[in-house]
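Participant: Provided herewith is a single structure, encoded as structure tokens, for subsequent inquiry.
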Amino acid sequence: MNSFLGEFQYVDFFAEKSVELILMMVFLTTFAIFWKFVNGRRGSPIRFGTSDILSWFTMRDEFFYHRGHTWAHPEGELIRVGIDDFAQKLIGKCSEIRVPKIGQNIEQGDTGIRIKVDSTTIDVLSPVKGEVVAINDKVISNPELINVDPYGEGWIMMVKPSNIKATLANLLKGPLAKVWLEEQTESLREKMTGELGLLSQDGGVLIPGIAKAIDSDRWETIVKEFLLTD
Amino acid sequence: MRESTRFTQFLIEELKPKGKILTPFNVISGITILLGAVLIAIRFIFGLSYVTNLNQEYPWGLWVAFDVMAGVAFSGGAYVLCFVVYILNAEKYHAIIRATVLNGLLGYMFYAGALVFDLGRWWNAINPFIGREFGVNSVLFLVAWHFFLYTICLVIEYSPVLCEYLSLKRVRLFVKSITLGTVIFGIWLSTLHQAGIGALLLMAKPNIHPLWFSEFVPVLFFVSSLFAGLSMVIFEGSISKRVFWGRVKVDREHLIRHEEIILSLGKACGIIMFGYVFIRVFDFVHGQHWHYLPTQYGLLYLIENIGFVILPMILFSIGGREKKALYVKIAALLTMIGVIFNRFNYVFLAYKWQIPFSMKYVPTWMEVIVTMSIVFLEIWAFRFCMNRMPVITEIPEWAKIQDQEKKEETVIPLKRKEGKI
């Protein structure tokens, strides 16, 4: 008997099993907490295909918006310009940004900024009219900034408008801008029929470039349609 | 005749290097491989003792620990992803399945192939296959056959890419039709032999330190192969992104999904590792090994489990939750180091633990060179395939049409049957 058991030692069976049982319970509890942690907060804003789709695109109340998905923010005599959250999520990761030279004059509603995604160049309309006085070097050297922080670090240029009031009068702000974004979101959602599975998994993973996910062959057309450059 | 000449010309053309030849990587790896080849020749002509520090006390060393045990675990990504894509039908991961299968295939060919270097009487390696002493009672019999069969499975899983590359239209149709069966067979083999490698260690109970040895070793090896394989996929994906994205025209699907896939895989790794940590804690408590902790081996055990399991687990989880790919990539690297460390512990660091550290096996520089040569060779082969074959690039137009036709063949009759058409 002894040789069969070898080095086996008699232990308090109940004590040992209790410890293991407690351990098992601790594991199950912590696993539940861990699972919740890994999968992120409930109702995270990045969710598609449901009514909370609007909350996926952020807006700044104090900003003015052009219908071509660019923003303008008056700062004294100058206006800071960039592209909005909708546009950056639509086109995805930018690899290059081309802007007018300092001193050059730009027209409101004309092509002002060129964004390169993969090998495609996308035109973006300028929200304001005036002279370019500064360019965000950071965004030129690191174009992904517009994806990371479109309203902050991702600003593109500063423009000195010839007539600040007239320029801003043509742009959308506050409730008007919200209604406009809602409409844009709605028409985007219509395009996504049948493709929702591609866009969000549980927990809502951010996909680089909604347009590509909707239709990888025609994505440029979709982008142009929303940025009003078709 | 003309066809065969054209084919030969095609092969000659393809074998020419693409890109610059004299890069730092090529020079270093080339010299290492040449040196490795000489050392392997010496090993086969004169025997193991001329090149390695292996002896009767330490029959297994760096080659088994790194090439076979860790290498096979890293190749485990192929069966995990095949399961996810073909069985669970998670289409999202389809974009990376080819690169992963290629990685697995090369892993098995090179790392498991390197097992031959370590066999004292390597010419007997053929015995389990030809039936001159099958050795059916040995775990190695199972491992040998599984490696052999699984490598064939991987070749079949990868063969659509080869067919597209060589424009073998009819063969592609055939291999595509047997993919699902092969995948199921492959997963079955993999789960068994990943655990089987752990089962090899069950026989070494007196030699392996109690902190590492347990009846759970096969389970631990299997579970660790899940996250080791996925970490390798993350690591390989990140490196490929840097190296190949600028060179080849990457498939759009692959391009779009890359980041998202890395984050999801990271999350999965975190969750699996959580389970793994628990099994290890359970094993530790069950084995009542508290008194070993304040020893040198205890320190080794803690470093392995805290630094290379719990820490990457936390990084994976935060990275997955906060969508930070960098965290996931760092965690993948740490996990891979951890798996190598773990296998080293089993095979030589915590092996023969009763003897002092000074008398322990330390690999010779020649063993290290041979191992490095194998890694470099695998990278060369991987690069060759990535640069030429449609692994991450778009598949040829004829293959797309073939897939579409196949889909219609199955879907339309089904719909007709259901009365939808």
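Quick note on naming: the chains in the structure tokens go A, B, ... in the order shown, residues restart at 1 in each chain, and ligands are numbered from 1 in order of appearance.
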Quick check: residues of chain A within 6 Å of chain B, only C-alpha atoms, returned as a list in words.

Facilitator: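 Residues passing the distance filter: Val38, Asn39 and Gly40 of chain A.
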
Participant: For the residues in the current selection, export N, CA and C atoms as a CSV table (one decimal), in the first residue's frame.

Facilitator:
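Full text of again.csv as output:
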chain,number,residue,atom,x,y,z
A,38,VAL,N,-12.3,44.4,-19.4
A,38,VAL,CA,-11.7,44.2,-20.7
A,38,VAL,C,-12.7,44.7,-21.8
A,39,ASN,N,-13.9,44.4,-21.7
A,39,ASN,CA,-14.9,44.7,-22.7
A,39,ASN,C,-15.4,46.2,-22.6
A,40,GLY,N,-14.8,46.9,-21.7
A,40,GLY,CA,-15.1,48.4,-21.7
A,40,GLY,C,-16.4,48.7,-21.0

Participant: Using only C-alpha atoms, which residues sit within 10 Å of region 355-363 of chain B once same-chain residues fewer than 5 positions away are excluded, as a list in words?

Facilitator: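 So, after excluding close chain neighbours, the residues are Val51, Thr52, Asn53, Leu54, Asn55, Glu57, Tyr58, Pro59, Trp60, Gly61, Leu62, Trp63, Gln296, Phe348, Leu349, Ala350 and Val368 of chain B.
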
Participant: Please identify every residue of region 44-70 of chain B that has at least one atom no farther than 12 Å from an atom of region 104-107 of chain B, counting only C-alpha atoms, and for each give the shortest atom pair and the distance in Å to one decimal, arranged by chain then increasing number, as JSON lines.

Facilitator:
{"residue": "B:Phe66", "atom": "CA", "partner": "B:Gly107", "partner_atom": "CA", "distance": 11.6}
{"residue": "B:Asp67", "atom": "CA", "partner": "B:Gly107", "partner_atom": "CA", "distance": 8.9}
{"residue": "B:Val68", "atom": "CA", "partner": "B:Gly107", "partner_atom": "CA", "distance": 9.3}
{"residue": "B:Met69", "atom": "CA", "partner": "B:Gly107", "partner_atom": "CA", "distance": 11.2}
{"residue": "B:Ala70", "atom": "CA", "partner": "B:Gly107", "partner_atom": "CA", "distance": 10.1}

Participant: Write out as a PyMOL selection string which residues come within 6 Å of region 170-187 of chain A when counting only C-alpha atoms, dropping same-chain ones fewer than 3 positions away.

Facilitator: chain A and resi 61+64-66+167+190

Participant: Run DSSP on the backbone of this structure and report the residues of chain A it assigns to strand (DSSP E), as a VMD selection string.

Facilitator: chain A and resid 64 to 66 70 to 75 78 to 83 96 to 98 105 to 106 111 to 117 120 to 125 130 to 135 157 to 161

Participant: Write the residues of the selection above to a file with C-alpha atoms, as a short mmCIF file (atom, residue, chain, number, x, y, z; two decimals), in the first residue's frame.

Facilitator:
data_model
loop_
_atom_site.label_atom_id
_atom_site.label_comp_id
_atom_site.auth_asym_id
_atom_site.auth_seq_id
_atom_site.Cartn_x
_atom_site.Cartn_y
_atom_site.Cartn_z
CA PHE A 64 -18.76 76.96 -36.72
CA TYR A 65 -19.24 74.22 -39.31
CA HIS A 66 -19.08 74.22 -43.07
CA THR A 70 -14.74 71.48 -41.92
CA TRP A 71 -14.84 73.71 -38.87
CA ALA A 72 -13.89 77.30 -38.14
CA HIS A 73 -13.18 78.80 -34.77
CA PRO A 74 -12.76 82.56 -34.50
CA GLU A 75 -9.87 83.61 -32.29
CA LEU A 78 -8.05 85.14 -37.00
CA ILE A 79 -9.95 81.95 -37.62
CA ARG A 80 -8.62 78.52 -36.80
CA VAL A 81 -9.60 75.86 -39.32
CA GLY A 82 -9.76 72.07 -39.28
CA ILE A 83 -11.82 69.09 -40.38
CA GLU A 96 -0.42 63.21 -45.79
CA ILE A 97 -1.99 66.65 -45.61
CA ARG A 98 -1.38 69.37 -48.18
CA ASN A 105 -5.59 83.57 -50.33
CA ILE A 106 -8.32 80.98 -50.13
CA THR A 111 -10.77 73.31 -52.31
CA GLY A 112 -8.48 74.42 -49.54
CA ILE A 113 -6.97 71.31 -48.05
CA ARG A 114 -5.88 68.05 -49.66
CA ILE A 115 -5.76 64.91 -47.59
CA LYS A 116 -4.01 61.77 -48.73
CA VAL A 117 -5.38 58.42 -47.62
CA THR A 120 -5.84 58.57 -52.91
CA THR A 121 -6.01 62.31 -52.52
CA ILE A 122 -9.19 63.77 -51.13
CA ASP A 123 -10.15 67.41 -51.54
CA VAL A 124 -11.61 69.24 -48.59
CA LEU A 125 -13.39 72.57 -48.90
CA GLY A 130 -9.06 84.95 -46.37
CA GLU A 131 -5.29 84.80 -46.19
CA VAL A 132 -3.49 81.83 -44.69
CA VAL A 133 -1.29 83.15 -41.89
CA ALA A 134 -0.20 80.01 -40.09
CA ILE A 135 -0.04 76.29 -40.66
CA MET A 157 -4.34 76.31 -40.41
CA MET A 158 -5.08 79.87 -39.25
CA VAL A 159 -6.72 82.23 -41.68
CA LYS A 160 -7.04 86.01 -41.58
CA PRO A 161 -10.48 86.64 -43.05
#

Participant: I'd like the neighbourhood of Ala99 (chain B) as number ranges by chain, where a residue qualifies if any of its atoms comes within 12 Å (using only C-alpha atoms), though same-chain residues fewer than 2 positions away should be ignored.

Facilitator: B: 75, 77-78, 81-82, 93-97, 101-106, 154, 157-158, 161, 232-241, 244, 250, 254, 258, 382-383, 385-387, 389-393

Participant: Can you measure CA of Val80 (chain B) to CA of Phe185 (chain B) for me? One decimal in Å is fine.

Facilitator: 12.8 Å

Participant: Near region 115-128 of chain B, within 8 Å and counting only C-alpha atoms, which residues show up once chain neighbours fewer than 4 positions away are dropped, as a ChimeraX atom specification?

Facilitator: /B:40,43-44,47-48,60,63-64,67-68,111,132-135,141,144-145

Participant: To one decimal place, how far is CA of Val219 (chain B) from CA of His193 (chain B) in Å?

Facilitator: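 Rounded to one decimal, the two atoms are 11.0 Å apart.
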
Participant: So how far away is CA of Gly76 (chain B) from CA of Ile262 (chain B), in Å?

Facilitator: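 Here the two named atoms are 16.5 Å from each other.
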
Participant: Out of region 43-176 of chain A, which residues get helix (DSSP H, G or I) from DSSP, as a PyMOL selection string?

Facilitator: chain A and resi 51-56+85-91+137-141+145-148+164-169+174-176

Participant: Here is a test: counting only C-alpha atoms, which residue of A:Gly209, A:Gly109, A:Gly68, A:Pro100 is nearest to Asp84 (chain A)?

Facilitator: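 Of A:Gly209, A:Gly109, A:Gly68, A:Pro100, the one nearest Asp84 (chain A) is A:Gly68, counting only C-alpha atoms.
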
Participant: Could you name the residues that touch region 211-225 of chain A at 6 Å or less, counting only C-alpha atoms, but leaving out those on the same chain fewer than 3 positions away, as a ChimeraX atom specification?

Facilitator: /A:90,192,228-230

Participant: Which residue, B:Val223, B:Ser214, B:Met372, B:Leu140, has the smallest gap to Ile31 (chain B) when you use only C-alpha atoms?

Facilitator: B:Met372
